file input.csv (CSV, C-alpha atoms)
chain,number,residue,atom,x,y,z
A,1,MET,CA,0.0,0.0,0.0
A,2,ARG,CA,1.0,3.6,-0.4
A,3,ALA,CA,2.2,5.5,2.7
A,4,ALA,CA,4.0,8.7,3.8
A,5,VAL,CA,7.0,7.5,5.8
A,6,LEU,CA,9.2,9.5,8.1
A,7,GLU,CA,12.9,9.3,7.0
A,8,GLU,CA,14.4,12.2,9.0
A,9,HIS,CA,13.0,14.7,11.4
A,10,GLY,CA,12.0,18.0,9.7
A,11,GLU,CA,12.6,16.6,6.2
A,12,PRO,CA,9.9,15.7,3.6
A,13,LEU,CA,8.1,12.5,4.2
A,14,SER,CA,8.9,9.7,1.7
A,15,ILE,CA,5.9,8.5,-0.3
A,16,GLU,CA,6.5,4.8,-0.9
A,17,GLU,CA,5.0,1.3,-1.1
A,18,VAL,CA,4.9,-0.6,2.2
A,19,ASP,CA,3.3,-3.8,3.3
A,20,ALA,CA,-0.4,-3.5,4.0
A,21,PRO,CA,-1.3,-4.4,7.6
A,22,GLU,CA,-3.0,-7.7,8.6
A,23,PRO,CA,-5.5,-7.7,11.4
A,24,ALA,CA,-4.4,-9.1,14.8
A,25,PRO,CA,-6.8,-11.5,16.4
A,26,ASP,CA,-8.4,-8.6,18.3
A,27,GLY,CA,-7.8,-6.0,15.7
A,28,ALA,CA,-9.2,-4.5,12.5
A,29,VAL,CA,-7.8,-3.0,9.3
A,30,VAL,CA,-9.4,0.3,8.2
A,31,GLU,CA,-9.4,1.4,4.6
A,32,LEU,CA,-8.8,5.1,4.8
A,33,GLU,CA,-11.1,7.6,3.2
A,34,ALA,CA,-9.8,10.7,5.1
A,35,CYS,CA,-7.2,11.7,7.6
A,36,GLY,CA,-6.6,15.1,9.2
A,37,VAL,CA,-3.1,16.6,9.3
A,38,CYS,CA,-2.6,17.8,12.9
A,39,ARG,CA,-0.1,19.9,14.8
A,40,SER,CA,0.6,16.8,16.8
A,41,ASP,CA,1.8,15.2,13.5
A,42,TRP,CA,4.1,18.3,13.2
A,43,HIS,CA,5.5,17.6,16.7
A,44,GLY,CA,6.2,14.0,15.6
A,45,TRP,CA,7.7,15.2,12.3
A,46,GLN,CA,10.0,17.6,14.3
A,47,GLY,CA,11.1,14.8,16.7
A,48,ASP,CA,9.5,16.4,19.8
A,49,TRP,CA,8.3,14.6,22.9
A,50,GLY,CA,11.4,12.6,23.7
A,51,TRP,CA,10.7,13.7,27.2
A,52,LEU,CA,7.4,11.8,27.0
A,53,GLY,CA,9.0,8.7,25.4
A,54,LEU,CA,7.3,9.6,22.1
A,55,GLU,CA,10.1,10.7,19.8
A,56,THR,CA,9.2,9.3,16.4
A,57,GLN,CA,11.8,7.1,14.7
A,58,PRO,CA,12.7,6.7,11.0
A,59,GLY,CA,10.3,4.4,9.3
A,60,GLN,CA,7.3,5.7,11.3
A,61,ILE,CA,4.0,6.3,9.4
A,62,LEU,CA,2.5,9.4,11.0
A,63,GLY,CA,-1.2,10.3,11.0
A,64,HIS,CA,-3.7,9.9,13.8
A,65,GLU,CA,-7.1,11.5,12.7
A,66,PRO,CA,-8.5,8.8,10.4
A,67,ALA,CA,-11.9,7.9,9.2
A,68,GLY,CA,-12.8,5.1,6.8
A,69,ARG,CA,-14.3,1.7,6.2
A,70,VAL,CA,-13.4,-1.5,8.0
A,71,ALA,CA,-11.7,-3.8,5.5
A,72,ALA,CA,-10.8,-6.8,7.6
A,73,VAL,CA,-11.3,-8.0,11.2
A,74,GLY,CA,-9.5,-10.5,13.4
A,75,ASP,CA,-11.0,-13.8,14.6
A,76,GLU,CA,-11.6,-12.5,18.1
A,77,VAL,CA,-13.4,-9.3,17.1
A,78,GLU,CA,-17.1,-9.4,18.1
A,79,THR,CA,-18.9,-6.1,17.5
A,80,VAL,CA,-17.0,-4.6,14.5
A,81,THR,CA,-17.7,-6.0,11.0
A,82,GLU,CA,-16.3,-5.4,7.5
A,83,GLY,CA,-17.8,-2.4,5.9
A,84,ASP,CA,-18.5,-0.4,9.1
A,85,HIS,CA,-17.9,3.4,8.7
A,86,VAL,CA,-15.6,4.3,11.6
A,87,ALA,CA,-13.4,6.9,13.2
A,88,VAL,CA,-10.3,6.1,15.3
A,89,PRO,CA,-9.2,7.8,18.5
A,90,PHE,CA,-5.6,8.8,18.5
A,91,ASN,CA,-4.9,7.4,22.0
A,92,LEU,CA,-5.7,3.7,21.6
A,93,GLY,CA,-6.5,1.9,24.8
A,94,ASP,CA,-6.3,-1.8,25.7
A,95,GLY,CA,-9.8,-1.8,27.1
A,96,SER,CA,-8.9,-3.9,30.1
A,97,CYS,CA,-6.7,-1.8,32.4
A,98,PRO,CA,-8.3,-0.2,35.5
A,99,ARG,CA,-8.5,3.2,33.8
A,100,CYS,CA,-10.2,1.8,30.7
A,101,GLN,CA,-12.6,-0.2,33.0
A,102,ARG,CA,-13.5,3.1,34.8
A,103,GLY,CA,-14.3,4.8,31.4
A,104,HIS,CA,-11.0,6.7,31.1
A,105,SER,CA,-9.4,4.8,28.2
A,106,ASN,CA,-8.0,8.1,26.9
A,107,ILE,CA,-5.4,7.8,29.6
A,108,CYS,CA,-5.1,4.0,29.4
A,109,GLU,CA,-2.2,2.6,31.4
A,110,ASN,CA,-1.0,0.9,28.3
A,111,VAL,CA,-2.0,3.6,25.8
A,112,MET,CA,-0.7,3.3,22.2
A,113,PRO,CA,-0.6,6.7,20.6
A,114,LEU,CA,-1.5,6.1,16.9
A,115,GLY,CA,1.2,7.3,14.5
A,116,PHE,CA,3.9,7.9,17.1
A,117,ILE,CA,5.3,4.5,18.0
A,118,GLU,CA,6.4,1.5,15.9
A,119,GLN,CA,3.6,-0.7,17.4
A,120,ALA,CA,0.9,1.8,16.2
A,121,GLN,CA,1.8,2.8,12.6
A,122,GLY,CA,-0.3,5.8,11.6
A,123,ALA,CA,-2.9,6.8,9.0
A,124,PHE,CA,-0.9,8.7,6.4
A,125,ALA,CA,-1.5,5.6,4.3
A,126,GLU,CA,-4.1,3.7,2.4
A,127,GLN,CA,-4.8,1.4,5.4
A,128,VAL,CA,-4.3,1.5,9.1
A,129,HIS,CA,-4.4,-1.3,11.7
A,130,VAL,CA,-6.4,-0.7,14.9
A,131,PRO,CA,-5.7,-3.0,17.9
A,132,VAL,CA,-8.5,-4.0,20.3
A,133,ALA,CA,-11.0,-3.0,17.6
A,134,ASP,CA,-14.2,-3.6,19.7
A,135,HIS,CA,-12.9,-1.1,22.2
A,136,ASN,CA,-11.2,1.5,20.0
A,137,LEU,CA,-13.3,1.8,16.8
A,138,VAL,CA,-16.2,4.2,16.8
A,139,GLU,CA,-19.0,3.7,14.3
A,140,LEU,CA,-20.0,7.0,12.6
A,141,PRO,CA,-23.6,8.1,12.3
A,142,ASP,CA,-25.4,7.6,9.0
A,143,GLY,CA,-25.1,10.5,6.5
A,144,VAL,CA,-21.8,12.0,7.6
A,145,SER,CA,-18.7,11.9,5.4
A,146,SER,CA,-15.2,10.7,6.4
A,147,VAL,CA,-13.8,14.1,5.5
A,148,ASP,CA,-16.2,15.9,7.8
A,149,MET,CA,-15.3,13.5,10.6
A,150,ALA,CA,-11.6,13.3,10.0
A,151,GLY,CA,-10.7,15.7,12.8
A,152,LEU,CA,-12.9,13.8,15.3
A,153,GLY,CA,-10.3,11.4,16.4
A,154,CYS,CA,-8.0,14.1,17.8
A,155,ARG,CA,-8.7,17.9,17.6
A,156,PHE,CA,-12.5,18.1,17.8
A,157,MET,CA,-13.1,15.5,20.4
A,158,THR,CA,-10.0,16.7,22.4
A,159,SER,CA,-11.6,20.1,22.6
A,160,PHE,CA,-15.0,18.6,23.4
A,161,HIS,CA,-13.7,16.5,26.3
A,162,ALA,CA,-11.8,19.5,27.7
A,163,LEU,CA,-14.7,21.8,27.7
A,164,ALA,CA,-17.7,19.5,28.3
A,165,HIS,CA,-16.1,17.0,30.7
A,166,ARG,CA,-13.0,18.3,32.3
A,167,ALA,CA,-14.0,22.0,32.8
A,168,ASP,CA,-17.2,23.4,34.1
A,169,VAL,CA,-18.4,25.5,31.2
A,170,GLY,CA,-21.9,27.0,31.8
A,171,ALA,CA,-24.3,29.1,29.8
A,172,GLY,CA,-23.1,32.7,29.6
A,173,ASP,CA,-19.6,31.9,30.9
A,174,TRP,CA,-16.7,33.7,29.4
A,175,VAL,CA,-14.2,31.3,27.8
A,176,SER,CA,-10.9,32.5,26.4
A,177,ILE,CA,-9.1,30.3,23.8
A,178,HIS,CA,-5.4,30.9,23.4
A,179,GLY,CA,-4.2,29.7,20.0
A,180,CYS,CA,-6.6,29.2,17.0
A,181,GLY,CA,-5.1,26.2,15.3
A,182,GLY,CA,-7.3,23.2,14.6
A,183,VAL,CA,-7.9,22.4,18.3
A,184,GLY,CA,-8.4,26.0,19.2
A,185,LEU,CA,-10.9,26.6,16.5
A,186,SER,CA,-12.7,23.4,17.4
A,187,ALA,CA,-12.8,24.7,21.0
A,188,VAL,CA,-14.3,28.0,19.9
A,189,HIS,CA,-17.1,26.2,18.0
A,190,ILE,CA,-17.7,23.8,20.9
A,191,ALA,CA,-17.7,26.5,23.7
A,192,ASP,CA,-20.2,28.5,21.6
A,193,ALA,CA,-22.4,25.5,21.2
A,194,LEU,CA,-22.3,24.9,25.0
A,195,GLY,CA,-23.6,28.5,25.5
A,196,ALA,CA,-20.4,30.3,26.5
A,197,ASN,CA,-19.2,33.7,25.3
A,198,VAL,CA,-15.9,33.1,23.6
A,199,VAL,CA,-12.8,35.3,23.3
A,200,ALA,CA,-10.3,34.0,20.8
A,201,VAL,CA,-6.6,34.9,20.9
A,202,ASP,CA,-4.1,34.4,18.1
A,203,LEU,CA,-1.4,36.2,16.1
A,204,LYS,CA,-3.0,35.8,12.7
A,205,ASP,CA,-6.0,37.9,11.6
A,206,GLU,CA,-7.1,35.1,9.2
A,207,LYS,CA,-7.4,32.6,12.1
A,208,LEU,CA,-9.3,35.2,14.2
A,209,GLU,CA,-11.7,35.8,11.4
A,210,LYS,CA,-12.3,32.0,11.2
A,211,ALA,CA,-12.8,32.0,15.0
A,212,GLU,CA,-15.5,34.7,14.6
A,213,SER,CA,-17.3,32.6,12.0
A,214,LEU,CA,-17.3,29.7,14.4
A,215,GLY,CA,-18.9,31.7,17.2
A,216,ALA,CA,-16.2,33.9,19.0
A,217,VAL,CA,-17.9,37.1,20.2
A,218,GLU,CA,-14.5,38.9,20.6
A,219,THR,CA,-11.0,38.4,19.2
A,220,ILE,CA,-7.6,39.6,20.3
A,221,ASN,CA,-4.6,39.7,18.0
A,222,ALA,CA,-1.8,39.1,20.5
A,223,GLU,CA,0.7,40.7,18.2
A,224,ASP,CA,-1.1,44.0,18.5
A,225,VAL,CA,-1.8,43.9,22.2
A,226,GLY,CA,0.9,44.2,24.8
A,227,ASP,CA,-1.1,42.8,27.7
A,228,VAL,CA,-3.3,39.9,26.5
A,229,PRO,CA,-4.6,39.0,30.0
A,230,GLY,CA,-5.5,42.6,30.6
A,231,GLU,CA,-7.4,42.8,27.3
A,232,VAL,CA,-9.3,39.6,28.2
A,233,SER,CA,-10.1,41.0,31.6
A,234,ALA,CA,-11.4,44.2,30.1
A,235,ILE,CA,-13.6,42.4,27.6
A,236,THR,CA,-15.0,40.0,30.3
A,237,ASP,CA,-15.3,42.6,33.1
A,238,GLY,CA,-12.8,40.9,35.4
A,239,GLY,CA,-11.5,37.8,33.7
A,240,ALA,CA,-12.6,34.6,32.0
A,241,HIS,CA,-14.4,31.8,33.9
A,242,VAL,CA,-12.6,29.2,31.8
A,243,SER,CA,-9.4,29.6,29.6
A,244,MET,CA,-7.6,27.1,27.4
A,245,ASP,CA,-4.1,27.0,26.1
A,246,ALA,CA,-4.6,25.2,22.8
A,247,LEU,CA,-1.0,25.6,21.6
A,248,GLY,CA,1.5,24.6,24.3
A,249,ILE,CA,4.1,27.3,24.5
A,250,ALA,CA,5.0,29.3,27.6
A,251,THR,CA,3.4,32.5,26.4
A,252,THR,CA,0.0,31.1,25.6
A,253,SER,CA,-0.1,28.9,28.8
A,254,GLN,CA,0.9,31.9,31.0
A,255,ASN,CA,-1.6,34.2,29.2
A,256,SER,CA,-4.3,31.6,29.6
A,257,VAL,CA,-3.8,31.3,33.4
A,258,SER,CA,-3.5,35.1,33.8
A,259,SER,CA,-6.7,35.7,31.8
A,260,LEU,CA,-8.8,34.1,34.5
A,261,ASP,CA,-11.0,35.7,37.1
A,262,ALA,CA,-10.7,34.4,40.7
A,263,ARG,CA,-11.7,30.7,41.0
A,264,GLY,CA,-11.4,30.3,37.2
A,265,GLN,CA,-10.3,27.1,35.4
A,266,HIS,CA,-7.3,26.9,33.1
A,267,ILE,CA,-7.3,23.9,30.7
A,268,GLN,CA,-4.0,22.8,29.3
A,269,VAL,CA,-4.5,21.0,26.0
A,270,GLY,CA,-1.5,22.1,23.9
A,271,LEU,CA,1.7,20.0,24.4
A,272,THR,CA,5.1,21.6,24.4
A,273,THR,CA,7.9,21.8,21.9
A,274,GLN,CA,11.7,21.5,22.2
A,275,ASP,CA,11.8,25.0,23.7
A,276,GLU,CA,9.8,24.0,26.9
A,277,GLN,CA,10.3,20.3,26.9
A,278,GLY,CA,7.3,19.7,29.0
A,279,VAL,CA,8.0,22.4,31.7
A,280,ILE,CA,6.3,25.8,31.7
A,281,PRO,CA,6.7,28.3,34.6
A,282,LEU,CA,3.3,29.5,35.9
A,283,PRO,CA,2.3,32.3,38.4
A,284,SER,CA,1.7,29.8,41.2
A,285,ASP,CA,1.3,32.3,44.0
A,286,ALA,CA,-1.4,34.2,42.1
A,287,MET,CA,-3.1,30.8,41.3
A,288,VAL,CA,-3.1,30.0,45.1
A,289,MET,CA,-4.4,33.4,46.1
A,290,GLN,CA,-7.2,33.4,43.5
A,291,GLU,CA,-7.9,29.6,43.8
A,292,ILE,CA,-7.2,29.1,40.1
A,293,GLU,CA,-7.6,25.5,38.9
A,294,PHE,CA,-5.1,23.9,36.5
A,295,ILE,CA,-6.7,21.1,34.5
A,296,GLY,CA,-4.9,18.8,32.1
A,297,SER,CA,-7.0,17.2,29.3
A,298,LEU,CA,-6.0,14.5,26.8
A,299,GLY,CA,-8.2,13.2,24.0
A,300,MET,CA,-11.6,11.7,24.9
A,301,PRO,CA,-12.9,8.2,25.8
A,302,PRO,CA,-14.5,6.7,22.6
A,303,THR,CA,-17.5,5.5,24.8
A,304,ARG,CA,-18.6,9.2,25.0
A,305,TYR,CA,-18.4,10.1,21.3
A,306,ASP,CA,-22.2,9.7,21.1
A,307,GLU,CA,-22.5,13.0,23.0
A,308,ILE,CA,-20.9,14.7,20.0
A,309,PHE,CA,-22.9,12.8,17.5
A,310,ARG,CA,-26.2,13.8,19.2
A,311,MET,CA,-25.2,17.5,19.0
A,312,VAL,CA,-24.1,17.0,15.4
A,313,SER,CA,-27.5,15.4,14.5
A,314,THR,CA,-29.4,18.5,15.8
A,315,GLY,CA,-27.0,20.9,14.1
A,316,LYS,CA,-25.5,22.3,17.3
A,317,LEU,CA,-22.1,21.1,16.3
A,318,GLU,CA,-20.7,21.1,12.8
A,319,PRO,CA,-17.2,19.6,12.8
A,320,GLU,CA,-17.0,20.1,9.0
A,321,LYS,CA,-16.8,23.9,9.6
A,322,VAL,CA,-13.3,23.4,11.0
A,323,VAL,CA,-12.1,21.5,7.9
A,324,SER,CA,-10.2,24.0,5.8
A,325,GLU,CA,-9.2,22.0,2.7
A,326,THR,CA,-8.7,18.6,1.2
A,327,ILE,CA,-5.3,17.4,0.0
A,328,GLY,CA,-3.5,14.4,-1.4
A,329,LEU,CA,-1.1,12.2,0.5
A,330,GLU,CA,1.8,13.7,-1.5
A,331,ASP,CA,0.9,17.2,-0.1
A,332,VAL,CA,1.3,16.3,3.6
A,333,SER,CA,4.9,17.4,3.9
A,334,ASP,CA,4.0,20.9,2.6
A,335,LYS,CA,1.3,21.2,5.2
A,336,LEU,CA,3.7,20.1,8.0
A,337,GLU,CA,6.2,22.7,6.8
A,338,ALA,CA,3.5,25.4,6.8
A,339,MET,CA,2.7,24.6,10.4
A,340,THR,CA,6.2,25.6,11.4
A,341,ASP,CA,5.2,29.2,10.8
A,342,PHE,CA,1.5,28.7,11.8
A,343,GLU,CA,0.4,29.2,8.2
A,344,THR,CA,-2.4,26.6,8.1
A,345,VAL,CA,-6.0,27.6,9.0
A,346,GLY,CA,-8.4,25.0,10.4
A,347,ILE,CA,-7.9,21.3,9.6
A,348,PRO,CA,-6.3,20.1,6.3
A,349,VAL,CA,-7.7,16.7,5.5
A,350,ILE,CA,-6.2,14.0,3.2
A,351,ASP,CA,-8.9,12.6,1.0
A,352,SER,CA,-6.7,11.0,-1.7
A,353,PHE,CA,-4.3,8.2,-0.8
A,354,ASN,CA,-3.4,6.7,-4.1
call {"tool": "encode", "arguments": {"input": "input.csv", "output": "structure tokens"}}
result
Amino acid sequence: MRAAVLEEHGEPLSIEEVDAPEPAPDGAVVELEACGVCRSDWHGWQGDWGWLGLETQPGQILGHEPAGRVAAVGDEVETVTEGDHVAVPFNLGDGSCPRCQRGHSNICENVMPLGFIEQAQGAFAEQVHVPVADHNLVELPDGVSSVDMAGLGCRFMTSFHALAHRADVGAGDWVSIHGCGGVGLSAVHIADALGANVVAVDLKDEKLEKAESLGAVETINAEDVGDVPGEVSAITDGGAHVSMDALGIATTSQNSVSSLDARGQHIQVGLTTQDEQGVIPLPSDAMVMQEIEFIGSLGMPPTRYDEIFRMVSTGKLEPEKVVSETIGLEDVSDKLEAMTDFETVGIPVIDSFN
């Protein structure tokens, strides 16, 4: 099968023929119809996250936002059948550890991050193998396209889990989103659907205009404002109730925390680069004095995807609005390169693999 393979960090991916996967007894092979290109792929392409044990190695197939049709299943698979239209979460769980059993498979004790380790080759390819298919595959609703759902396995559901499950977002709350890439724009749309008033922060006017189209009531270009937290405070009359760092650099994380009103909640979704290597200094004394909560959020348990689907079915959520363009497999390297300077808007999606 055709796949985009990492040869060297920061260099164009190699488009080549590789062996197609065979299903493990508990696994399934999915024929890809679409796959998002995410900033997490950029991190893997750059060779980040060695401090997490996730530094990608040559020969790795990246890609972790797939949707498609089940092409083959293993002998032990019970609920998934050939032809099922499915999405795949990026943090694959084993379904049996205590965390999975408690409904928290997004932080499985034996998590396999799709597209970042040799045992979980990714979806920048014609086919992808999914282990523990009964647990990890999510059947998509009738009438939705794979392209529209391609961001579901990572950016869209990550934002949904952060805002709907981890934080306490209520109707009329002020929510500030720092960084309007794919996950940030998804968060803008989701926070708006949950009834919040959203302030979007970024350096690019084009991304802020997209945020407005997705429901942001106010936007801040951080390049034009010397004091982002002060600007958020002025807009919200004292500070946001909930704030998200959707990028993962020191500036956005610190701005997010400092944008909050007393007893506010900061959600850390963005993961760091080589500059921070997983450690960002925060105003801990101010957080103590104002009882600020720091909340980490990773992915979303696939057992709760139905919450998104119900909101999609009634038109409250439209994940396709965050999809910016469709590309071919051979265009992935250009999109990864563009992410270095934050030049992509929304979610680019591969819809042609051959």
call {"tool": "closest_residue", "arguments": {"input": "input.csv", "among": "A:Ala250, A:Val312, A:Leu298, A:Ala123", "to": "Cys38 (chain A)", "atoms": "all atoms listed in the file"}}
result
A:Ala123
call {"tool": "residues_around", "arguments": {"input": "input.csv", "residues": "Ile292 (chain A)", "least_positions_apart": "3", "cutoff": "8 Å", "atoms": "only C-alpha atoms", "output": "list in words"}}
result
Val257, Leu260, Ala262, Arg263, Gly264, Gln265, His266, Ala286, Met287, Val288 and Met289 of chain A
call {"tool": "residues_around", "arguments": {"input": "input.csv", "residues": "His85 (chain A)", "least_positions_apart": "2", "cutoff": "12 Å", "atoms": "only C-alpha atoms", "output": "number ranges by chain"}}
result
A: 29-34, 66-71, 80-83, 87-88, 137-147, 149-150
call {"tool": "closest_residue", "arguments": {"input": "input.csv", "among": "A:Ala28, A:Gly248, A:Gly53, A:Ala200", "to": "Glu78 (chain A)", "atoms": "all atoms listed in the file"}}
result
A:Ala28
call {"tool": "closest_atom_pairs", "arguments": {"input": "input.csv", "of": "region 231-285 of chain A", "to": "region 176-180 of chain A", "cutoff": "12 Å", "atoms": "only C-alpha atoms", "output": "Markdown table"}}
result
| residue | atom | partner | partner_atom | distance |
| --- | --- | --- | --- | --- |
| A:Glu231 | CA | A:Ser176 | CA | 10.9 |
| A:Val232 | CA | A:Ser176 | CA | 7.5 |
| A:Ser233 | CA | A:Ser176 | CA | 10.0 |
| A:Ile235 | CA | A:Ser176 | CA | 10.3 |
| A:Thr236 | CA | A:Ser176 | CA | 9.4 |
| A:Gly239 | CA | A:Ser176 | CA | 9.0 |
| A:Ala240 | CA | A:Ser176 | CA | 6.2 |
| A:His241 | CA | A:Ser176 | CA | 8.3 |
| A:Val242 | CA | A:Ser176 | CA | 6.6 |
| A:Ser243 | CA | A:Ser176 | CA | 4.6 |
| A:Met244 | CA | A:Ile177 | CA | 5.0 |
| A:Asp245 | CA | A:His178 | CA | 4.9 |
| A:Ala246 | CA | A:Gly179 | CA | 5.3 |
| A:Leu247 | CA | A:Gly179 | CA | 5.4 |
| A:Gly248 | CA | A:Gly179 | CA | 8.8 |
| A:Ile249 | CA | A:Gly179 | CA | 9.7 |
| A:Ala250 | CA | A:His178 | CA | 11.3 |
| A:Thr251 | CA | A:His178 | CA | 9.4 |
| A:Thr252 | CA | A:His178 | CA | 5.8 |
| A:Ser253 | CA | A:His178 | CA | 7.8 |
| A:Gln254 | CA | A:His178 | CA | 9.9 |
| A:Asn255 | CA | A:His178 | CA | 7.7 |
| A:Ser256 | CA | A:His178 | CA | 6.3 |
| A:Val257 | CA | A:Ser176 | CA | 10.0 |
| A:Ser258 | CA | A:Ser176 | CA | 10.8 |
| A:Ser259 | CA | A:Ser176 | CA | 7.6 |
| A:Leu260 | CA | A:Ser176 | CA | 8.5 |
| A:Asp261 | CA | A:Ser176 | CA | 11.2 |
| A:Gly264 | CA | A:Ser176 | CA | 11.0 |
| A:Gln265 | CA | A:Ser176 | CA | 10.5 |
| A:His266 | CA | A:Ser176 | CA | 9.4 |
| A:Ile267 | CA | A:Ile177 | CA | 9.6 |
| A:Gln268 | CA | A:His178 | CA | 10.1 |
| A:Val269 | CA | A:His178 | CA | 10.3 |
| A:Gly270 | CA | A:Gly179 | CA | 9.0 |
call {"tool": "residues_near_point", "arguments": {"input": "input.csv", "point": "(1.6, 22.3, 8.0)", "cutoff": "10 Å", "atoms": "only C-alpha atoms", "output": "number ranges by chain"}}
result
A: 37-39, 41-42, 331-345, 347-348
call {"tool": "atom_distance", "arguments": {"input": "input.csv", "atom1": "CA of Lys316 (chain A)", "atom2": "CA of Arg102 (chain A)"}}
result
28.6 Å
call {"tool": "closest_residue", "arguments": {"input": "input.csv", "among": "A:Gly238, A:Gly44, A:Gly74, A:Pro302", "to": "His161 (chain A)", "atoms": "all atoms listed in the file"}}
result
A:Pro302
call {"tool": "residues_around", "arguments": {"input": "input.csv", "residues": "Leu214 (chain A)", "least_positions_apart": "4", "cutoff": "7 Å", "atoms": "only C-alpha atoms", "output": "list in words"}}
result
Val188, His189 and Lys210 of chain A
call {"tool": "residues_around", "arguments": {"input": "input.csv", "residues": "Val169 (chain A)", "least_positions_apart": "3", "cutoff": "8 Å", "atoms": "all atoms listed in the file", "output": "PyMOL selection string"}}
result
chain A and resi 163-164+173+175+191+194+196+241-242
call {"tool": "atom_distance", "arguments": {"input": "input.csv", "atom1": "CA of Glu212 (chain A)", "atom2": "CA of Ala193 (chain A)"}}
result
13.3 Å
call {"tool": "residues_around", "arguments": {"input": "input.csv", "residues": "Gly103 (chain A)", "least_positions_apart": "2", "cutoff": "12 Å", "atoms": "all atoms listed in the file", "output": "MDAnalysis selection string"}}
result
chainID A and resid 93:101 105:108 135 300:304
call {"tool": "closest_residue", "arguments": {"input": "input.csv", "among": "A:Val322, A:Ala125, A:Ala211, A:Leu114", "to": "Ser14 (chain A)", "atoms": "only C-alpha atoms"}}
result
A:Ala125
call {"tool": "closest_residue", "arguments": {"input": "input.csv", "among": "A:Gly195, A:Gly151, A:Thr326, A:Gly278", "to": "Val183 (chain A)", "atoms": "all atoms listed in the file"}}
result
A:Gly151
call {"tool": "atom_distance", "arguments": {"input": "input.csv", "atom1": "CA of Glu118 (chain A)", "atom2": "CA of Asp48 (chain A)"}}
result
15.7 Å
call {"tool": "closest_residue", "arguments": {"input": "input.csv", "among": "A:Glu320, A:Glu126, A:Glu8, A:Asp227", "to": "Pro58 (chain A)", "atoms": "only C-alpha atoms"}}
result
A:Glu8
